[in-house]
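File shown here: my_file_26.cif, holding mmCIF, C-alpha atoms and all ligand atoms.
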data_my_file
#
loop_
_atom_site.group_PDB
_atom_site.id
_atom_site.type_symbol
_atom_site.label_atom_id
_atom_site.label_comp_id
_atom_site.auth_asym_id
_atom_site.auth_seq_id
_atom_site.Cartn_x
_atom_site.Cartn_y
_atom_site.Cartn_z
ATOM 1 C CA MET A 1 99.710 129.342 78.269
ATOM 2 C CA LYS A 2 101.774 132.492 78.177
ATOM 3 C CA ILE A 3 103.642 132.833 74.906
ATOM 4 C CA LYS A 4 106.958 134.606 75.262
ATOM 5 C CA PRO A 5 108.098 137.048 72.598
ATOM 6 C CA PRO A 6 110.661 135.417 70.260
ATOM 7 C CA GLN A 7 113.702 137.296 71.587
ATOM 8 C CA THR A 8 113.427 135.560 74.961
ATOM 9 C CA THR A 9 113.838 132.129 73.375
ATOM 10 C CA SER A 10 117.161 130.690 72.233
ATOM 11 C CA VAL A 11 117.833 127.516 70.276
ATOM 12 C CA ILE A 12 121.006 125.512 70.872
ATOM 13 C CA SER A 13 121.686 123.006 68.113
ATOM 14 C CA LEU A 14 124.270 120.270 67.710
ATOM 15 C CA ASN A 15 123.346 119.616 64.076
ATOM 16 C CA PHE A 16 125.426 120.851 61.160
ATOM 17 C CA ASP A 17 122.574 120.814 58.688
ATOM 18 C CA CYS A 18 120.384 123.756 57.748
ATOM 19 C CA MET A 19 116.930 122.267 58.164
ATOM 20 C CA LEU A 20 115.705 125.149 60.312
ATOM 21 C CA GLN A 21 117.384 127.917 58.388
ATOM 22 C CA GLY A 22 116.077 126.671 55.025
ATOM 23 C CA LYS A 23 112.546 127.295 56.233
ATOM 24 C CA GLU A 24 113.066 130.883 57.311
ATOM 25 C CA PHE A 25 111.228 132.270 54.294
ATOM 26 C CA ILE A 26 108.300 129.937 54.670
ATOM 27 C CA ASN A 27 107.785 130.326 58.395
ATOM 28 C CA LYS A 28 108.913 133.936 58.647
ATOM 29 C CA VAL A 29 110.886 132.997 61.718
ATOM 30 C CA TYR A 30 114.412 134.333 61.468
ATOM 31 C CA PHE A 31 117.607 133.311 63.201
ATOM 32 C CA ASP A 32 120.751 134.944 64.483
ATOM 33 C CA TYR A 33 123.862 132.736 64.795
ATOM 34 C CA LEU A 34 125.433 135.224 67.252
ATOM 35 C CA ILE A 35 128.667 135.044 65.265
ATOM 36 C CA ASP A 36 130.497 137.982 63.689
ATOM 37 C CA PHE A 37 130.814 136.911 60.068
ATOM 38 C CA ASP A 38 133.448 138.564 57.922
ATOM 39 C CA TRP A 39 131.340 138.156 54.809
ATOM 40 C CA ILE A 40 127.657 137.406 54.221
ATOM 41 C CA ASP A 41 126.272 136.361 50.848
ATOM 42 C CA PRO A 42 123.980 139.203 49.690
ATOM 43 C CA HIS A 43 121.175 136.677 49.041
ATOM 44 C CA ARG A 44 121.497 135.474 52.613
ATOM 45 C CA ALA A 45 121.836 138.987 54.009
ATOM 46 C CA GLN A 46 118.354 139.752 52.693
ATOM 47 C CA PHE A 47 116.777 137.611 55.384
ATOM 48 C CA TYR A 48 119.535 136.753 57.861
ATOM 49 C CA ARG A 49 118.696 138.139 61.306
ATOM 50 C CA CYS A 50 115.773 140.125 59.948
ATOM 51 C CA SER A 51 112.776 140.975 62.120
ATOM 52 C CA ASN A 52 113.067 139.802 65.699
ATOM 53 C CA PRO A 53 115.542 136.957 65.170
ATOM 54 C CA ILE A 54 115.817 133.991 67.497
ATOM 55 C CA PRO A 55 119.372 133.179 68.668
ATOM 56 C CA LEU A 56 120.363 129.874 67.030
ATOM 57 C CA ILE A 57 123.559 128.707 68.704
ATOM 58 C CA LYS A 58 125.124 125.920 66.634
ATOM 59 C CA LEU A 59 127.783 124.501 68.913
ATOM 60 C CA ASN A 60 129.378 122.278 66.296
ATOM 61 C CA GLY A 61 129.231 124.770 63.442
ATOM 62 C CA SER A 62 126.985 124.737 60.397
ATOM 63 C CA LEU A 63 127.147 123.739 56.736
ATOM 64 C CA ASP A 64 126.143 127.201 55.562
ATOM 65 C CA GLN A 65 129.107 128.712 57.393
ATOM 66 C CA GLY A 66 132.444 128.523 55.567
ATOM 67 C CA ILE A 67 135.882 129.251 56.955
ATOM 68 C CA CYS A 68 138.986 130.197 54.945
ATOM 69 C CA GLU A 69 141.770 127.725 55.656
ATOM 70 C CA ASN A 70 144.322 130.435 55.012
ATOM 71 C CA CYS A 71 143.120 133.549 56.864
ATOM 72 C CA GLY A 72 140.269 132.242 59.029
ATOM 73 C CA ARG A 73 137.706 134.575 57.440
ATOM 74 C CA LEU A 74 134.192 133.414 58.261
ATOM 75 C CA HIS A 75 131.643 133.347 55.467
ATOM 76 C CA LEU A 76 127.896 132.928 55.702
ATOM 77 C CA TYR A 77 126.225 131.460 52.636
ATOM 78 C CA TYR A 78 122.706 130.920 51.416
ATOM 79 C CA PRO A 79 121.344 127.803 53.192
ATOM 80 C CA PHE A 80 120.011 125.892 50.146
ATOM 81 C CA ARG A 81 122.904 123.908 48.966
ATOM 82 C CA TYR A 82 124.126 121.295 46.524
ATOM 83 C CA ARG A 83 126.760 118.708 47.386
ATOM 84 C CA THR A 84 129.579 120.311 45.440
ATOM 85 C CA PHE A 85 128.990 123.716 47.014
ATOM 86 C CA TYR A 86 132.425 123.961 48.600
ATOM 87 C CA LYS A 87 134.300 122.668 45.555
ATOM 88 C CA ASN A 88 136.761 125.420 44.562
ATOM 89 C CA LYS A 89 135.163 127.834 47.018
ATOM 90 C CA ALA A 90 137.593 130.708 47.470
ATOM 91 C CA CYS A 91 138.017 133.267 50.202
ATOM 92 C CA THR A 92 136.314 136.643 49.605
ATOM 93 C CA LYS A 93 139.224 138.569 51.055
ATOM 94 C CA GLN A 94 141.281 140.256 48.358
ATOM 95 C CA GLN A 95 144.653 138.612 47.707
ATOM 96 C CA CYS A 96 143.981 135.801 50.187
ATOM 97 C CA GLY A 97 143.195 133.050 47.712
ATOM 98 C CA GLY A 98 142.553 130.614 50.561
ATOM 99 C CA ARG A 99 140.229 127.651 50.238
ATOM 100 C CA VAL A 100 136.918 127.893 52.103
ATOM 101 C CA THR A 101 135.615 124.746 53.783
ATOM 102 C CA PRO A 102 132.536 124.185 55.990
ATOM 103 C CA PHE A 103 132.900 125.608 59.477
ATOM 104 C CA ILE A 104 132.192 122.379 61.287
ATOM 105 C CA VAL A 105 133.720 121.509 64.601
ATOM 106 C CA ILE A 106 133.851 117.944 65.807
ATOM 107 C CA PRO A 107 134.178 118.573 68.901
ATOM 108 C CA HIS A 108 136.549 121.438 69.525
ATOM 109 C CA GLY A 109 139.014 120.472 66.784
ATOM 110 C CA LYS A 110 141.258 122.889 65.001
ATOM 111 C CA TYR A 111 138.677 125.684 65.073
ATOM 112 C CA GLY A 112 138.352 125.449 68.850
ATOM 113 C CA GLU A 113 139.212 129.069 69.476
ATOM 114 C CA LYS A 114 136.586 130.388 67.108
ATOM 115 C CA ILE A 115 133.804 128.185 68.424
ATOM 116 C CA ASN A 116 134.655 128.484 72.123
ATOM 117 C CA SER A 117 133.158 131.947 72.426
ATOM 118 C CA LEU A 118 129.898 130.540 71.073
ATOM 119 C CA TRP A 119 129.964 127.848 73.773
ATOM 120 C CA ASN A 120 130.259 130.661 76.309
ATOM 121 C CA VAL A 121 127.274 132.404 74.742
ATOM 122 C CA ALA A 122 125.329 129.149 75.062
ATOM 123 C CA LYS A 123 126.349 128.944 78.702
ATOM 124 C CA ASN A 124 124.968 132.420 79.377
ATOM 125 C CA HIS A 125 121.680 131.655 77.628
ATOM 126 C CA LEU A 126 121.337 128.405 79.596
ATOM 127 C CA LYS A 127 122.103 130.160 82.874
ATOM 128 C CA GLU A 128 119.278 132.618 82.275
ATOM 129 C CA ALA A 129 116.803 130.009 81.085
ATOM 130 C CA ASP A 130 113.773 129.272 83.219
ATOM 131 C CA LYS A 131 112.711 126.537 80.831
ATOM 132 C CA VAL A 132 114.786 124.284 78.583
ATOM 133 C CA THR A 133 113.212 122.042 75.971
ATOM 134 C CA VAL A 134 115.432 119.216 74.732
ATOM 135 C CA ILE A 135 114.275 117.857 71.384
ATOM 136 C CA GLY A 136 115.557 114.566 69.974
ATOM 137 C CA TYR A 137 118.755 114.585 71.983
ATOM 138 C CA SER A 138 119.694 112.307 74.850
ATOM 139 C CA PHE A 139 123.053 113.526 76.184
ATOM 140 C CA PRO A 140 125.025 110.439 75.079
ATOM 141 C CA GLU A 141 128.069 109.566 77.216
ATOM 142 C CA TYR A 142 130.545 110.555 74.484
ATOM 143 C CA ASP A 143 129.176 114.126 74.358
ATOM 144 C CA LYS A 144 131.104 115.013 77.501
ATOM 145 C CA ASP A 145 131.489 118.668 76.559
ATOM 146 C CA VAL A 146 127.757 119.141 75.998
ATOM 147 C CA ILE A 147 126.897 117.354 79.242
ATOM 148 C CA LYS A 148 129.352 119.543 81.138
ATOM 149 C CA LEU A 149 127.984 122.669 79.466
ATOM 150 C CA PHE A 150 124.473 121.901 80.714
ATOM 151 C CA GLN A 151 125.633 120.738 84.144
ATOM 152 C CA ASP A 152 127.662 123.908 84.662
ATOM 153 C CA SER A 153 124.959 126.244 83.384
ATOM 154 C CA LEU A 154 121.467 125.167 84.342
ATOM 155 C CA ASN A 155 120.082 126.758 87.473
ATOM 156 C CA THR A 156 118.439 124.517 90.032
ATOM 157 C CA ASN A 157 114.955 125.948 89.432
ATOM 158 C CA VAL A 158 114.949 125.361 85.687
ATOM 159 C CA ARG A 159 112.065 123.439 84.116
ATOM 160 C CA ILE A 160 113.241 120.759 81.728
ATOM 161 C CA GLU A 161 110.996 119.376 79.038
ATOM 162 C CA VAL A 162 112.144 116.422 76.954
ATOM 163 C CA VAL A 163 110.577 115.734 73.585
ATOM 164 C CA ASP A 164 111.495 112.551 71.780
ATOM 165 C CA LYS A 165 110.114 109.990 69.391
ATOM 166 C CA CYS A 166 108.716 106.841 70.896
ATOM 167 C CA ARG A 167 106.829 103.708 69.907
ATOM 168 C CA ASP A 168 103.344 103.650 71.421
ATOM 169 C CA ASN A 169 104.020 100.516 73.469
ATOM 170 C CA GLN A 170 107.236 101.880 74.966
ATOM 171 C CA LYS A 171 106.036 105.204 76.325
ATOM 172 C CA LYS A 172 106.088 104.140 79.938
ATOM 173 C CA GLU A 173 109.581 102.671 79.748
ATOM 174 C CA GLN A 174 110.909 105.668 77.894
ATOM 175 C CA THR A 175 109.421 108.128 80.383
ATOM 176 C CA GLU A 176 111.034 106.178 83.225
ATOM 177 C CA TYR A 177 114.320 106.060 81.360
ATOM 178 C CA PHE A 178 114.410 109.818 80.772
ATOM 179 C CA ARG A 179 113.465 110.618 84.378
ATOM 180 C CA LYS A 180 116.277 108.440 85.675
ATOM 181 C CA ARG A 181 118.772 109.658 83.137
ATOM 182 C CA TYR A 182 118.100 113.352 83.838
ATOM 183 C CA ARG A 183 118.114 112.806 87.603
ATOM 184 C CA GLY A 184 121.567 111.250 87.202
ATOM 185 C CA LEU A 185 122.826 114.032 84.958
ATOM 186 C CA PHE A 186 121.323 116.961 86.868
ATOM 187 C CA PRO A 187 120.769 115.829 90.461
ATOM 188 C CA ASP A 188 120.369 119.384 91.832
ATOM 189 C CA ILE A 189 117.434 120.397 89.673
ATOM 190 C CA LYS A 190 114.365 120.735 91.851
ATOM 191 C CA GLN A 191 111.529 120.432 89.352
ATOM 192 C CA SER A 192 110.464 117.135 87.888
ATOM 193 C CA ILE A 193 111.318 116.440 84.274
ATOM 194 C CA GLU A 194 108.423 116.908 81.861
ATOM 195 C CA ASN A 195 108.418 114.205 79.271
ATOM 196 C CA HIS A 196 106.665 114.186 75.909
ATOM 197 C CA ASN A 197 107.088 111.079 73.849
ATOM 198 C CA THR A 198 105.542 111.914 70.562
ATOM 199 C CA GLY A 199 105.067 110.432 67.133
ATOM 200 C CA ARG A 200 105.842 107.034 65.768
ATOM 201 C CA ILE A 201 109.116 105.761 64.480
HETATM 202 ZN ZN ZN B 301 141.144 133.948 53.354
#
In structure tokens, how does this file's structure come out?
Amino acid sequence: MKIKPPQTTSVISLNFDCMLQGKEFINKVYFDYLIDFDWIDPHRAQFYRCSNPIPLIKLNGSLDQGICENCGRLHLYYPFRYRTFYKNKACTKQQCGGRVTPFIVIPHGKYGEKINSLWNVAKNHLKEADKVTVIGYSFPEYDKDVIKLFQDSLNTNVRIEVVDKCRDNQKKEQTEYFRKRYRGLFPDIKQSIENHNTGRI
């Protein structure tokens, strides 16, 4: 198997949490959100985007990203976090005094403008992809924007690999289900869908 260098791989995530980012130190795999932050916590800056970062496109925002409700300034914080982190969190811009809340977008709410450019970035990465691995996500009907993003972006020669949890006795059914579902969603894709049902639930 040919291993690609990290910069040719991108991760698109719909999760708000920081599971991946919290492990940057341990795994020495670093991420780049592809967002222009107005302020980065110095503790975060020490490892954010360092050495060959992998684009991590979080289409619904992220808990470690805070936005000022007053001036829209985007802050990037350290990913390890306690529940009261955003309590009394103030904007870092002098004389703003705005309240900073998590930059989370469900879907395309009031921060639509800020997140839309990231959706376009995702589109470009998907258009260039020769292989897309979908992990633990099944394009539910209500995620119309995500479905449209993939339908509009994927080229017809792309290889799609689906990785999901499955009970041992349901592997066959699940494989069939995914094949049918992906055929319905992406009828123009020429390659067959690779399916890996792993682990127990
Ligand atoms: Zn502000």
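Remark: for ligand ZN 301 (chain B), the closest of the candidate residues A:Gly97, A:Pro140, A:Pro42, A:Pro55 is A:Gly97 (distances computed over only C-alpha atoms and all ligand atoms).
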Report the residues retrieved by the PyMOL selection byres (((chain A and resi 184-198) around 10) and not hetatm) from the displayed file, expressed as a ChimeraX atom specification.
/A:133-136,139,147-148,150-152,154-168,170-172,174-176,178-183,199-201
What residues have any atom no more than 7 Å from ligand ZN 301 (chain B) when counting only C-alpha atoms and all ligand atoms, and can you list them as a VMD selection string?
chain A and resid 68 to 73 91 to 93 96 to 98
Using all atoms listed in the file, which residues sit within 6 Å of Pro102 in chain A once same-chain residues fewer than 3 positions away are excluded, as a PDB file with C-alpha atoms, in the coordinates of the input?
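After the write, around-v3.pdb holds the following:
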ATOM      1  CA  LEU A  63     127.147 123.739  56.736  1.00  0.00           C
ATOM      2  CA  GLN A  65     129.107 128.712  57.393  1.00  0.00           C
ATOM      3  CA  GLY A  66     132.444 128.523  55.567  1.00  0.00           C
TER       4      GLY A  66
END
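In this model, the gap between CA of Asn120 in chain A and CA of Asn15 in chain A comes to 17.9 Å.
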For a cutoff of 6 Å around the file-coordinate point (131.8, 127.0, 67.2), which residues qualify once you count all atoms listed in the file? I'd like the result as a VMD selection string.
chain A and resid 59 to 61 114 to 116 118
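A straight line drawn from CA of Asp17 in chain A to CA of Ala45 in chain A is 18.8 Å long.
Counting only C-alpha atoms, the residue from A:Tyr48, A:Ser138, A:Ile35, A:Tyr86 that sits nearest to Leu14 in chain A is A:Ser138.
Using all atoms listed in the file for every distance, the candidate list A:Tyr78, A:Lys144, A:Phe16, A:Asn169 yields A:Tyr78 as the residue closest to Gln46 in chain A.
Going from CA of Glu128 in chain A over to CA of Leu149 in chain A, you cover 13.5 Å.
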